[in-house]
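K.L.:
Below you'll find data.cif; it's mmCIF, C-alpha atoms.
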```cif
data_protein
loop_
_atom_site.label_atom_id
_atom_site.label_comp_id
_atom_site.auth_asym_id
_atom_site.auth_seq_id
_atom_site.Cartn_x
_atom_site.Cartn_y
_atom_site.Cartn_z
CA MET A 1 -29.90 -17.38 29.26
CA THR A 2 -29.34 -17.94 32.96
CA ASN A 3 -29.22 -15.18 35.56
CA ALA A 4 -25.77 -13.87 36.42
CA VAL A 5 -26.42 -14.43 40.14
CA PHE A 6 -27.97 -17.66 41.41
CA GLN A 7 -27.98 -19.76 44.55
CA LEU A 8 -26.06 -23.04 44.64
CA SER A 9 -26.85 -26.39 46.20
CA CYS A 10 -23.57 -27.85 47.44
CA GLN A 11 -22.89 -31.53 47.88
CA ARG A 12 -21.07 -33.59 50.46
CA ASN A 13 -17.84 -35.52 50.62
CA ASN A 14 -17.30 -37.82 53.60
CA TYR A 15 -13.96 -38.89 55.04
CA PRO A 16 -13.05 -40.69 58.28
CA TRP A 17 -11.27 -37.56 59.55
CA GLY A 18 -14.45 -35.47 59.44
CA LYS A 19 -16.52 -34.33 62.39
CA LYS A 20 -19.78 -36.17 63.04
CA GLY A 21 -23.31 -34.78 62.91
CA GLN A 22 -23.98 -31.32 64.28
CA GLN A 23 -20.41 -31.01 65.59
CA SER A 24 -19.42 -30.33 61.98
CA LEU A 25 -19.62 -26.81 60.58
CA ALA A 26 -19.80 -28.39 57.13
CA VAL A 27 -22.99 -30.12 58.27
CA LYS A 28 -24.54 -26.95 59.63
CA LEU A 29 -23.80 -24.90 56.52
CA CYS A 30 -24.36 -27.50 53.83
CA GLU A 31 -27.69 -28.77 55.20
CA LYS A 32 -29.17 -25.34 54.56
CA THR A 33 -29.43 -26.25 50.89
CA LYS A 34 -28.86 -29.99 50.51
CA GLU A 35 -26.48 -32.60 51.87
CA TYR A 36 -23.68 -32.30 54.38
CA ALA A 37 -20.08 -33.15 55.38
CA GLU A 38 -17.07 -31.72 53.59
CA MET A 39 -18.71 -29.06 51.45
CA TRP A 40 -17.56 -28.37 47.87
CA MET A 41 -18.66 -25.11 46.25
CA GLY A 42 -17.31 -25.20 42.70
CA ASP A 43 -17.83 -26.68 39.25
CA TYR A 44 -15.29 -29.52 39.61
CA PRO A 45 -17.00 -32.63 38.16
CA ASP A 46 -16.18 -35.01 41.03
CA ILE A 47 -18.57 -33.30 43.47
CA PRO A 48 -20.24 -30.48 41.52
CA ALA A 49 -22.36 -27.71 42.94
CA LYS A 50 -25.73 -27.26 41.26
CA SER A 51 -28.23 -24.48 40.76
CA LEU A 52 -30.64 -24.69 43.69
CA GLU A 53 -33.51 -23.52 41.50
CA ILE A 54 -33.17 -25.74 38.43
CA GLY A 55 -30.86 -28.53 39.63
CA GLU A 56 -28.43 -28.09 36.75
CA LYS A 57 -24.72 -28.61 37.41
CA LEU A 58 -22.72 -25.41 37.75
CA GLN A 59 -20.25 -26.77 35.21
CA THR A 60 -23.03 -27.13 32.62
CA ILE A 61 -24.42 -23.67 33.33
CA ILE A 62 -20.98 -22.13 32.90
CA GLU A 63 -20.36 -24.02 29.65
CA GLN A 64 -23.60 -22.60 28.24
CA ASN A 65 -22.96 -19.03 29.46
CA LYS A 66 -19.19 -18.59 29.44
CA GLU A 67 -18.98 -14.97 28.34
CA LYS A 68 -21.70 -13.82 30.72
CA LEU A 69 -20.52 -15.68 33.82
CA LEU A 70 -16.75 -15.91 33.37
CA GLY A 71 -15.88 -12.96 31.16
CA LYS A 72 -13.24 -12.73 28.47
CA LYS A 73 -10.37 -12.11 30.89
CA CYS A 74 -11.02 -15.33 32.79
CA ILE A 75 -11.63 -17.37 29.64
CA ASP A 76 -8.42 -16.17 28.02
CA LYS A 77 -6.38 -16.88 31.13
CA PHE A 78 -7.93 -20.06 32.52
CA GLY A 79 -10.28 -21.51 29.92
CA GLY A 80 -14.02 -22.03 30.14
CA GLN A 81 -14.26 -23.07 33.79
CA LEU A 82 -13.80 -21.75 37.30
CA PRO A 83 -10.07 -21.70 38.07
CA PHE A 84 -10.64 -22.24 41.80
CA LEU A 85 -12.45 -24.67 44.12
CA PRO A 86 -13.72 -23.43 47.53
CA LYS A 87 -14.63 -25.87 50.31
CA ILE A 88 -15.72 -25.99 53.95
CA LEU A 89 -13.81 -28.61 55.96
CA SER A 90 -14.59 -29.82 59.48
CA ILE A 91 -11.70 -31.87 60.86
CA GLN A 92 -12.15 -34.14 63.88
CA LYS A 93 -8.84 -35.98 63.56
CA ALA A 94 -5.71 -35.72 61.45
CA PHE A 95 -6.30 -36.30 57.78
CA PRO A 96 -3.67 -38.06 55.64
CA LEU A 97 -0.21 -36.54 55.48
CA GLN A 98 -0.12 -35.31 51.91
CA GLY A 99 1.25 -33.16 49.16
CA HIS A 100 -0.13 -32.05 45.82
CA PRO A 101 1.83 -32.51 42.60
CA ASN A 102 2.98 -29.47 40.65
CA LYS A 103 1.75 -28.96 37.09
CA SER A 104 4.56 -30.93 35.48
CA LEU A 105 4.12 -33.95 37.73
CA ALA A 106 0.31 -33.69 37.63
CA THR A 107 0.40 -33.87 33.83
CA ARG A 108 2.51 -37.02 33.89
CA LEU A 109 0.41 -38.67 36.59
CA HIS A 110 -2.85 -37.82 34.81
CA GLN A 111 -1.62 -39.32 31.56
CA LYS A 112 -0.49 -42.47 33.36
CA ASN A 113 -3.46 -42.89 35.71
CA PRO A 114 -6.38 -40.56 34.90
CA LYS A 115 -8.73 -42.43 37.22
CA GLN A 116 -6.72 -41.49 40.31
CA PHE A 117 -5.24 -38.19 39.08
CA THR A 118 -8.27 -36.65 37.44
CA ASP A 119 -6.70 -33.48 36.01
CA GLU A 120 -3.38 -32.02 34.88
CA ASN A 121 -3.37 -29.02 37.20
CA HIS A 122 -1.41 -28.14 40.31
CA LYS A 123 -3.19 -27.62 43.65
CA PRO A 124 -1.76 -24.83 45.79
CA GLU A 125 -4.30 -23.86 48.42
CA ILE A 126 -5.17 -21.57 51.30
CA ALA A 127 -6.92 -22.39 54.57
CA ILE A 128 -8.70 -19.77 56.71
CA ALA A 129 -9.70 -20.79 60.22
CA LEU A 130 -13.39 -20.57 61.14
CA SER A 131 -12.75 -22.06 64.59
CA GLU A 132 -9.71 -23.09 66.62
CA PHE A 133 -7.57 -24.79 63.98
CA GLU A 134 -4.50 -27.04 64.17
CA VAL A 135 -2.39 -27.85 61.15
CA PHE A 136 0.93 -29.42 60.27
CA ALA A 137 2.30 -27.64 57.21
CA GLY A 138 5.73 -27.25 55.73
CA TRP A 139 8.92 -27.96 57.64
CA LYS A 140 10.54 -26.71 60.79
CA PRO A 141 13.80 -24.82 60.37
CA LEU A 142 16.61 -27.31 59.90
CA HIS A 143 18.29 -26.17 63.12
CA GLU A 144 15.17 -27.28 65.03
CA ILE A 145 14.80 -30.58 63.17
CA GLN A 146 18.36 -31.76 63.67
CA PRO A 147 18.22 -31.94 67.52
CA LEU A 148 15.13 -34.16 67.35
CA PHE A 149 17.11 -36.76 65.43
CA GLN A 150 19.68 -36.81 68.18
CA LEU A 151 17.03 -38.52 70.31
CA GLN A 152 18.02 -42.16 70.54
CA PRO A 153 14.75 -43.65 69.14
CA LEU A 154 15.07 -41.55 65.95
CA GLN A 155 18.74 -42.06 65.21
CA ARG A 156 18.03 -45.32 63.37
CA PHE A 157 16.37 -43.33 60.55
CA LEU A 158 19.42 -41.18 59.78
CA PRO A 159 21.38 -42.04 56.63
CA ARG A 160 25.04 -42.81 57.08
CA THR A 161 26.32 -40.78 54.16
CA HIS A 162 25.20 -37.17 54.77
CA ALA A 163 27.63 -34.99 56.69
CA SER A 164 25.15 -32.19 57.44
CA PHE A 165 21.42 -32.01 58.03
CA ASN A 166 20.13 -30.39 54.83
CA ASP A 167 17.01 -30.63 52.67
CA GLU A 168 18.12 -33.78 50.90
CA ARG A 169 18.89 -35.47 54.19
CA LEU A 170 15.41 -34.51 55.36
CA ARG A 171 13.93 -36.04 52.19
CA SER A 172 15.89 -39.25 52.83
CA VAL A 173 14.79 -39.40 56.47
CA THR A 174 11.13 -38.84 55.51
CA GLN A 175 11.22 -41.67 52.99
CA THR A 176 13.00 -44.01 55.43
CA ILE A 177 10.40 -43.42 58.13
CA LEU A 178 7.49 -43.95 55.74
CA GLN A 179 9.03 -47.18 54.45
CA ALA A 180 9.73 -48.59 57.93
CA SER A 181 7.90 -51.73 59.02
CA ASP A 182 4.92 -51.67 61.36
CA ASP A 183 7.03 -53.18 64.14
CA VAL A 184 9.72 -50.51 63.75
CA ILE A 185 7.20 -47.66 63.81
CA ALA A 186 5.37 -49.09 66.83
CA GLY A 187 8.65 -49.59 68.69
CA THR A 188 9.87 -46.09 67.85
CA GLN A 189 6.67 -44.46 69.05
CA LYS A 190 6.78 -46.43 72.29
CA ALA A 191 10.39 -45.40 72.86
CA LEU A 192 9.69 -41.73 72.08
CA ALA A 193 6.98 -41.70 74.75
CA THR A 194 9.59 -42.59 77.39
CA VAL A 195 11.99 -39.78 76.46
CA SER A 196 11.98 -37.02 79.10
CA ARG A 197 10.45 -33.63 78.36
CA GLU A 198 13.84 -32.06 79.09
CA GLU A 199 15.42 -33.96 76.20
CA TYR A 200 12.73 -32.63 73.85
CA GLY A 201 13.40 -29.09 75.06
CA GLN A 202 11.10 -26.47 73.53
CA GLN A 203 9.55 -29.15 71.31
CA ALA A 204 8.15 -31.18 74.21
CA TYR A 205 4.65 -30.53 72.86
CA ILE A 206 5.39 -33.37 70.43
CA LEU A 207 4.79 -35.81 73.30
CA GLY A 208 1.16 -34.70 73.55
CA LEU A 209 0.66 -34.69 69.81
CA LEU A 210 2.12 -38.18 69.50
CA GLY A 211 -0.35 -39.53 72.04
CA ARG A 212 -3.32 -37.93 70.30
CA LEU A 213 -2.37 -39.33 66.90
CA GLN A 214 -1.90 -42.81 68.35
CA GLN A 215 -5.45 -42.67 69.69
CA GLN A 216 -6.84 -41.47 66.34
CA TYR A 217 -5.07 -44.11 64.25
CA SER A 218 -3.23 -47.32 64.89
CA GLN A 219 0.42 -46.83 65.80
CA GLU A 220 1.38 -47.99 62.35
CA ASP A 221 -0.79 -45.43 60.55
CA ALA A 222 0.42 -42.88 62.22
CA VAL A 223 -3.84 -20.11 62.86
CA ALA A 224 -5.62 -17.82 61.29
CA SER A 225 -4.82 -18.42 57.62
CA ILE A 226 -2.06 -20.21 55.76
CA TYR A 227 -0.85 -20.77 52.23
CA ILE A 228 0.32 -24.21 51.13
CA PRO A 229 2.18 -24.32 47.81
CA ALA A 230 2.04 -27.23 45.39
CA ASP A 231 4.38 -29.96 46.69
CA GLY A 232 4.03 -28.57 50.22
CA ILE A 233 3.72 -31.31 52.84
CA HIS A 234 0.75 -30.83 55.19
CA ALA A 235 -1.95 -32.44 57.30
CA TYR A 236 -4.87 -30.68 58.96
CA LEU A 237 -5.27 -31.93 62.53
CA SER A 238 -8.49 -30.38 63.88
CA GLY A 239 -10.91 -27.51 63.45
CA ASP A 240 -13.24 -25.89 60.90
CA ILE A 241 -11.82 -24.04 57.92
CA ILE A 242 -12.76 -22.51 54.63
CA GLU A 243 -10.32 -23.83 52.06
CA CYS A 244 -9.73 -22.69 48.52
CA MET A 245 -7.39 -24.15 45.93
CA ALA A 246 -6.55 -24.08 42.27
CA ARG A 247 -8.96 -26.21 40.26
CA SER A 248 -7.64 -29.70 40.99
CA ASN A 249 -8.31 -32.83 43.01
CA ASN A 250 -4.84 -34.37 42.74
CA VAL A 251 -3.25 -35.60 45.96
CA LEU A 252 -0.44 -37.87 47.11
CA ASN A 253 -1.19 -39.45 50.52
CA SER A 254 1.50 -41.06 52.65
CA GLY A 255 0.86 -41.16 56.38
CA PHE A 256 -1.95 -40.85 58.98
CA CYS A 257 -3.79 -43.48 56.96
CA PRO A 258 -3.70 -47.26 56.48
CA ARG A 259 -0.87 -48.56 54.30
CA ALA A 260 -3.38 -49.73 51.70
CA ASP A 261 -4.50 -46.11 51.19
CA ARG A 262 -1.00 -44.69 50.72
CA ASP A 263 0.39 -43.63 47.39
CA SER A 264 3.92 -44.52 46.31
CA ILE A 265 6.30 -43.48 49.08
CA GLU A 266 9.10 -43.01 46.56
CA LEU A 267 6.93 -40.71 44.43
CA PHE A 268 5.67 -38.82 47.48
CA SER A 269 9.19 -38.28 48.81
CA ALA A 270 10.59 -37.25 45.43
CA SER A 271 7.82 -34.69 44.92
CA LEU A 272 8.46 -32.84 48.19
CA THR A 273 9.85 -29.32 48.18
CA PHE A 274 11.53 -27.62 51.13
CA SER A 275 10.95 -23.92 50.52
CA THR A 276 9.15 -23.48 53.85
CA HIS A 277 11.19 -23.64 57.01
CA SER A 278 9.35 -21.17 59.25
CA VAL A 279 5.88 -20.26 60.44
CA GLU A 280 6.10 -16.80 58.88
CA THR A 281 6.52 -18.18 55.37
CA MET A 282 3.33 -20.22 55.79
CA LEU A 283 1.09 -17.49 57.16
CA LEU A 284 -1.21 -15.65 54.76
CA ARG A 285 -2.03 -12.26 56.20
CA SER A 286 -5.16 -10.35 55.28
CA GLU A 287 -5.15 -6.77 53.99
CA PRO A 288 -7.89 -4.20 53.33
CA SER A 289 -9.54 -5.15 50.06
CA PRO A 290 -9.56 -2.65 47.17
CA LYS A 291 -12.97 -4.12 46.28
CA SER A 292 -14.45 -2.75 49.52
CA GLY A 293 -16.74 0.25 49.29
CA GLY A 294 -17.10 0.73 53.04
CA GLY A 295 -13.88 -0.56 54.55
CA LYS A 296 -15.42 -3.72 56.00
CA THR A 297 -13.82 -6.26 53.67
CA LEU A 298 -10.40 -7.93 53.84
CA VAL A 299 -8.56 -9.82 51.11
CA TYR A 300 -6.41 -12.94 51.36
CA ALA A 301 -4.15 -12.89 48.32
CA PRO A 302 -1.95 -16.00 47.93
CA PRO A 303 1.16 -15.87 45.71
CA MET A 304 -0.60 -17.56 42.80
CA SER A 305 -2.75 -16.29 39.96
CA GLU A 306 -5.90 -18.40 40.15
CA PHE A 307 -7.85 -16.68 42.93
CA ASN A 308 -8.11 -14.34 45.90
CA MET A 309 -10.43 -14.76 48.88
CA ILE A 310 -12.27 -11.86 50.52
CA LEU A 311 -13.98 -11.70 53.91
CA THR A 312 -16.78 -9.23 54.62
CA ALA A 313 -17.60 -8.94 58.32
CA LEU A 314 -20.51 -6.70 59.31
CA LYS A 315 -21.79 -5.74 62.74
CA GLU A 316 -25.36 -4.85 63.66
CA SER A 317 -27.13 -2.60 61.10
CA GLU A 318 -24.03 -2.24 58.88
CA THR A 319 -23.81 -2.36 55.09
CA GLU A 320 -20.98 -3.00 52.65
CA THR A 321 -20.53 -2.65 48.91
CA ILE A 322 -18.26 -5.03 47.00
CA ARG A 323 -17.16 -3.36 43.79
CA SER A 324 -17.57 -5.44 40.66
CA VAL A 325 -14.72 -7.62 39.47
CA ASP A 326 -14.04 -8.66 35.89
CA GLU A 327 -14.09 -12.35 36.74
CA PRO A 328 -16.44 -14.88 38.42
CA MET A 329 -17.01 -15.26 42.16
CA VAL A 330 -18.44 -17.88 44.53
CA MET A 331 -19.59 -16.64 47.95
CA ILE A 332 -20.80 -18.34 51.13
CA VAL A 333 -22.44 -16.88 54.23
CA THR A 334 -20.76 -18.44 57.28
CA SER A 335 -22.81 -16.56 59.88
CA GLY A 336 -25.58 -13.98 60.11
CA SER A 337 -28.37 -13.06 57.74
CA ARG A 338 -30.41 -10.49 55.86
CA SER A 339 -29.86 -9.47 52.22
CA MET A 340 -27.57 -9.20 49.23
CA LYS A 341 -28.38 -6.83 46.37
CA ALA A 342 -26.92 -7.96 43.07
CA ASP A 343 -27.69 -7.48 39.38
CA GLY A 344 -30.91 -5.56 40.08
CA GLU A 345 -32.34 -8.11 42.54
CA THR A 346 -32.42 -8.48 46.32
CA HIS A 347 -31.61 -11.95 47.68
CA ASN A 348 -32.40 -13.02 51.23
CA ILE A 349 -29.27 -14.66 52.66
CA LYS A 350 -28.30 -16.49 55.83
CA ASP A 351 -25.61 -18.84 57.10
CA GLY A 352 -25.02 -21.72 54.69
CA TYR A 353 -26.26 -19.91 51.58
CA VAL A 354 -23.90 -20.15 48.61
CA TYR A 355 -24.13 -18.09 45.42
CA SER A 356 -22.45 -18.07 42.05
CA ILE A 357 -21.75 -14.47 41.02
CA GLY A 358 -21.04 -13.70 37.38
CA GLN A 359 -18.29 -11.32 36.32
CA GLY A 360 -18.94 -7.58 36.45
CA ILE A 361 -21.55 -7.70 39.25
CA GLU A 362 -21.51 -5.26 42.18
CA LEU A 363 -22.74 -6.61 45.53
CA VAL A 364 -24.36 -4.78 48.45
CA TYR A 365 -24.68 -6.60 51.78
CA GLU A 366 -27.07 -5.44 54.50
CA THR A 367 -27.67 -6.92 57.94
CA ASP A 368 -29.62 -6.28 61.14
CA ALA A 369 -27.70 -8.44 63.63
CA GLY A 370 -24.40 -9.15 61.86
CA LEU A 371 -23.11 -10.95 58.78
CA GLU A 372 -19.95 -12.80 57.73
CA VAL A 373 -19.37 -13.66 54.07
CA TYR A 374 -16.40 -15.28 52.34
CA ALA A 375 -15.99 -15.09 48.58
CA ALA A 376 -13.43 -16.53 46.18
CA TYR A 377 -12.91 -14.77 42.87
CA ALA A 378 -10.63 -15.31 39.91
CA GLU A 379 -7.68 -12.95 39.87
#
```
Translate the structure described by the file into structure tokens.
P.N.:
Amino acid sequence: MTNAVFQLSCQRNNYPWGKKGQQSLAVKLCEKTKEYAEMWMGDYPDIPAKSLEIGEKLQTIIEQNKEKLLGKKCIDKFGGQLPFLPKILSIQKAFPLQGHPNKSLATRLHQKNPKQFTDENHKPEIAIALSEFEVFAGWKPLHEIQPLFQLQPLQRFLPRTHASFNDERLRSVTQTILQASDDVIAGTQKALATVSREEYGQQAYILGLLGRLQQQYSQEDAVASIYIPADGIHAYLSGDIIECMARSNNVLNSGFCPRADRDSIELFSASLTFSTHSVETMLLRSEPSPKSGGGKTLVYAPPMSEFNMILTALKESETETIRSVDEPMVMIVTSGSRSMKADGETHNIKDGYVYSIGQGIELVYETDAGLEVYAAYAE
């Protein structure tokens, strides 16, 4: 029988949008135990974490010790696996404009093409900034979108039939832009760059963003914490984040990437939802965590049932107790060092260390010079 608390070795995932070398926080944290780049910290089979001590996949360890590590509550609700997948991402340039299918669509796509869509689950997610972070997520309010399409270079994408600018018109415009030829996109971007800042009004920042994206990709390819629902359109632009999502790796890409890498534009457009039309609806605010024994832990609780994320931030010579939860947890130290007491043992910890914590385990953190720990747990 395995221990209920054990250190993980987390593996890499490389993408062209990632930061290079020591510029990447994913590098700095992941190299503490093994490889580096985008850092996955779960039992998902594509890029599984492993026990640092014995080299066994976390998925295999959980399968052999379900009751001890997951607990009955988690097994009954989510099955014999972690229901969440935490990651560290370091973004140098915009990654593909994307959305994640909901459960109904994910099931159909998995049955049709299991090689590309490797599970039947949805993929709502949260992103918590670890550095200055830029993200495109959701949609502007319609009253801010409509004036942009009064700019002469964008008028060609408007459908002729819609009388008002509503969600369905926005869906149609999105699909039309994505389906436009390379020459049309290049010409539109060139024309937009000549429009005066006064015509853009309060959205003149788009001029700067357009130039940056053109430098990152060819013209044709082209916070603190947020919550992105399934089917929510988004693209991370720059920065280091800790990301956590429901257990899934399903994605529909359509933009900020070569045409050969794009999924069906019709499918992407049809899957979009338009529930978010303001910054406030995207923000995920932290609150004091009820798991905190000393008041030094915050919780990020997205409107979904698979997981919560907690942040414990300690200053010099402080301690904190995390009360036991009835479900599994995965934690990572993002800065600082000293010790974690858990299940009768004391573990030396420092930045980059990742641990699997079985259900029902109380944690005690101690530090001399400061400590910052994030942990995802089933909820």
K.L.:
When you count only C-alpha atoms, which of these residues is closest to Asp182 (chain A): A:Thr297, A:Ala270, A:Arg259, A:Pro290?
P.N.:
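Closest to Asp182 (chain A), using only C-alpha atoms: A:Arg259.
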K.L.:
In terms of the shortest atom-to-atom distance over all atoms listed in the file, which of A:Gly211, A:Trp40, A:Ser292, A:Val251 is closest to His234 (chain A)?
P.N.:
A:Val251
K.L.:
Find the residues near region 178-181 of chain A: any atom within 10 Å, counting only C-alpha atoms, skip ones fewer than 2 places away on the same chain, and give them as a PyMOL selection string.
P.N.:
chain A and resi 157+173-176+183-187+220-222+254-255+259+262+264-266+268-269
K.L.:
Keeping only C-alpha atoms, take the residues you just selected and write them out as an mmCIF file, in the frame of the given file.
P.N.:
```cif
data_model
loop_
_atom_site.group_PDB
_atom_site.id
_atom_site.type_symbol
_atom_site.label_atom_id
_atom_site.label_comp_id
_atom_site.auth_asym_id
_atom_site.auth_seq_id
_atom_site.Cartn_x
_atom_site.Cartn_y
_atom_site.Cartn_z
ATOM 1 C CA PHE A 157 16.370 -43.330 60.550
ATOM 2 C CA VAL A 173 14.790 -39.400 56.470
ATOM 3 C CA THR A 174 11.130 -38.840 55.510
ATOM 4 C CA GLN A 175 11.220 -41.670 52.990
ATOM 5 C CA THR A 176 13.000 -44.010 55.430
ATOM 6 C CA ASP A 183 7.030 -53.180 64.140
ATOM 7 C CA VAL A 184 9.720 -50.510 63.750
ATOM 8 C CA ILE A 185 7.200 -47.660 63.810
ATOM 9 C CA ALA A 186 5.370 -49.090 66.830
ATOM 10 C CA GLY A 187 8.650 -49.590 68.690
ATOM 11 C CA GLU A 220 1.380 -47.990 62.350
ATOM 12 C CA ASP A 221 -0.790 -45.430 60.550
ATOM 13 C CA ALA A 222 0.420 -42.880 62.220
ATOM 14 C CA SER A 254 1.500 -41.060 52.650
ATOM 15 C CA GLY A 255 0.860 -41.160 56.380
ATOM 16 C CA ARG A 259 -0.870 -48.560 54.300
ATOM 17 C CA ARG A 262 -1.000 -44.690 50.720
ATOM 18 C CA SER A 264 3.920 -44.520 46.310
ATOM 19 C CA ILE A 265 6.300 -43.480 49.080
ATOM 20 C CA GLU A 266 9.100 -43.010 46.560
ATOM 21 C CA PHE A 268 5.670 -38.820 47.480
ATOM 22 C CA SER A 269 9.190 -38.280 48.810
#
```
K.L.:
Measure the distance from CA of Gly293 (chain A) to CA of Val354 (chain A) in Å and round it to one decimal.
P.N.:
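Spanning CA of Gly293 (chain A) to CA of Val354 (chain A) is a straight-line distance of 21.6 Å.
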K.L.:
Any idea what the distance is between CA of Glu198 (chain A) and CA of Leu210 (chain A)?
P.N.:
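Pair CA of Glu198 (chain A) / CA of Leu210 (chain A) returns 16.3 Å.
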K.L.:
Nearest to Glu316 (chain A) among A:Thr367, A:Ser286, A:Asn348, A:Thr281, with distances taken over only C-alpha atoms: which residue is it?
P.N.:
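Smallest separation from Glu316 (chain A) among the options: A:Thr367.
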K.L.:
May I ask which of the residues A:Ala127, A:Leu154, A:Val325, A:Met304 is the closest one to Ile177 (chain A), counting all atoms listed in the file?
P.N.:
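Of all the options, A:Leu154 lies closest to Ile177 (chain A).
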K.L.:
Hey, which of A:Arg247, A:Lys341, A:Lys57, A:Lys190 ends up closest to Lys103 (chain A)? Count all atoms listed in the file.
P.N.:
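Nearest to Lys103 (chain A): A:Arg247.
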K.L.:
So that I can check the surroundings of Leu97 (chain A), please list as a ChimeraX atom specification every protein, DNA and RNA residue that reaches within 9 Å of it, counting all atoms listed in the file and ignoring chain neighbours fewer than 5 positions away.
P.N.:
/A:136,233-236,252-257
K.L.:
Put the listed atoms of region 37-54 of chain A in a box along x, y and z with 5 Å added on every side and give me the centre and edge lengths in Å to one decimal, as AutoDock Vina command-line options.
P.N.:
```
--center_x -24.4 --center_y -29.3 --center_z 46.8 --size_x 28.2 --size_y 21.5 --size_z 27.2
```
K.L.:
Carefully work through the PyMOL selection byres ((chain A and resi 159) around 9) for this structure and note down the residues it includes, as a PyMOL selection string.
P.N.:
chain A and resi 155-158+160-162+169+172-173+176
K.L.:
Which residues match the PyMOL selection byres ((chain A and resi 279) around 12) in the file above, as a ChimeraX atom specification?
P.N.:
/A:135-141,223-228,275-278,280-284
K.L.:
Give me the residues near Pro328 (chain A) as a list in words, where near means some atom within 9 Å (using all atoms listed in the file) and where sequence neighbours in that chain fewer than 2 positions away do not count.
P.N.:
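Listing them by chain and then by number gives Leu69, Leu70, Gly71, Cys74, Leu82, Val325, Asp326, Val330, Ser356, Ile357, Gly358, Gln359, Gly360, Ile361, Ala376, Tyr377 and Ala378 of chain A.
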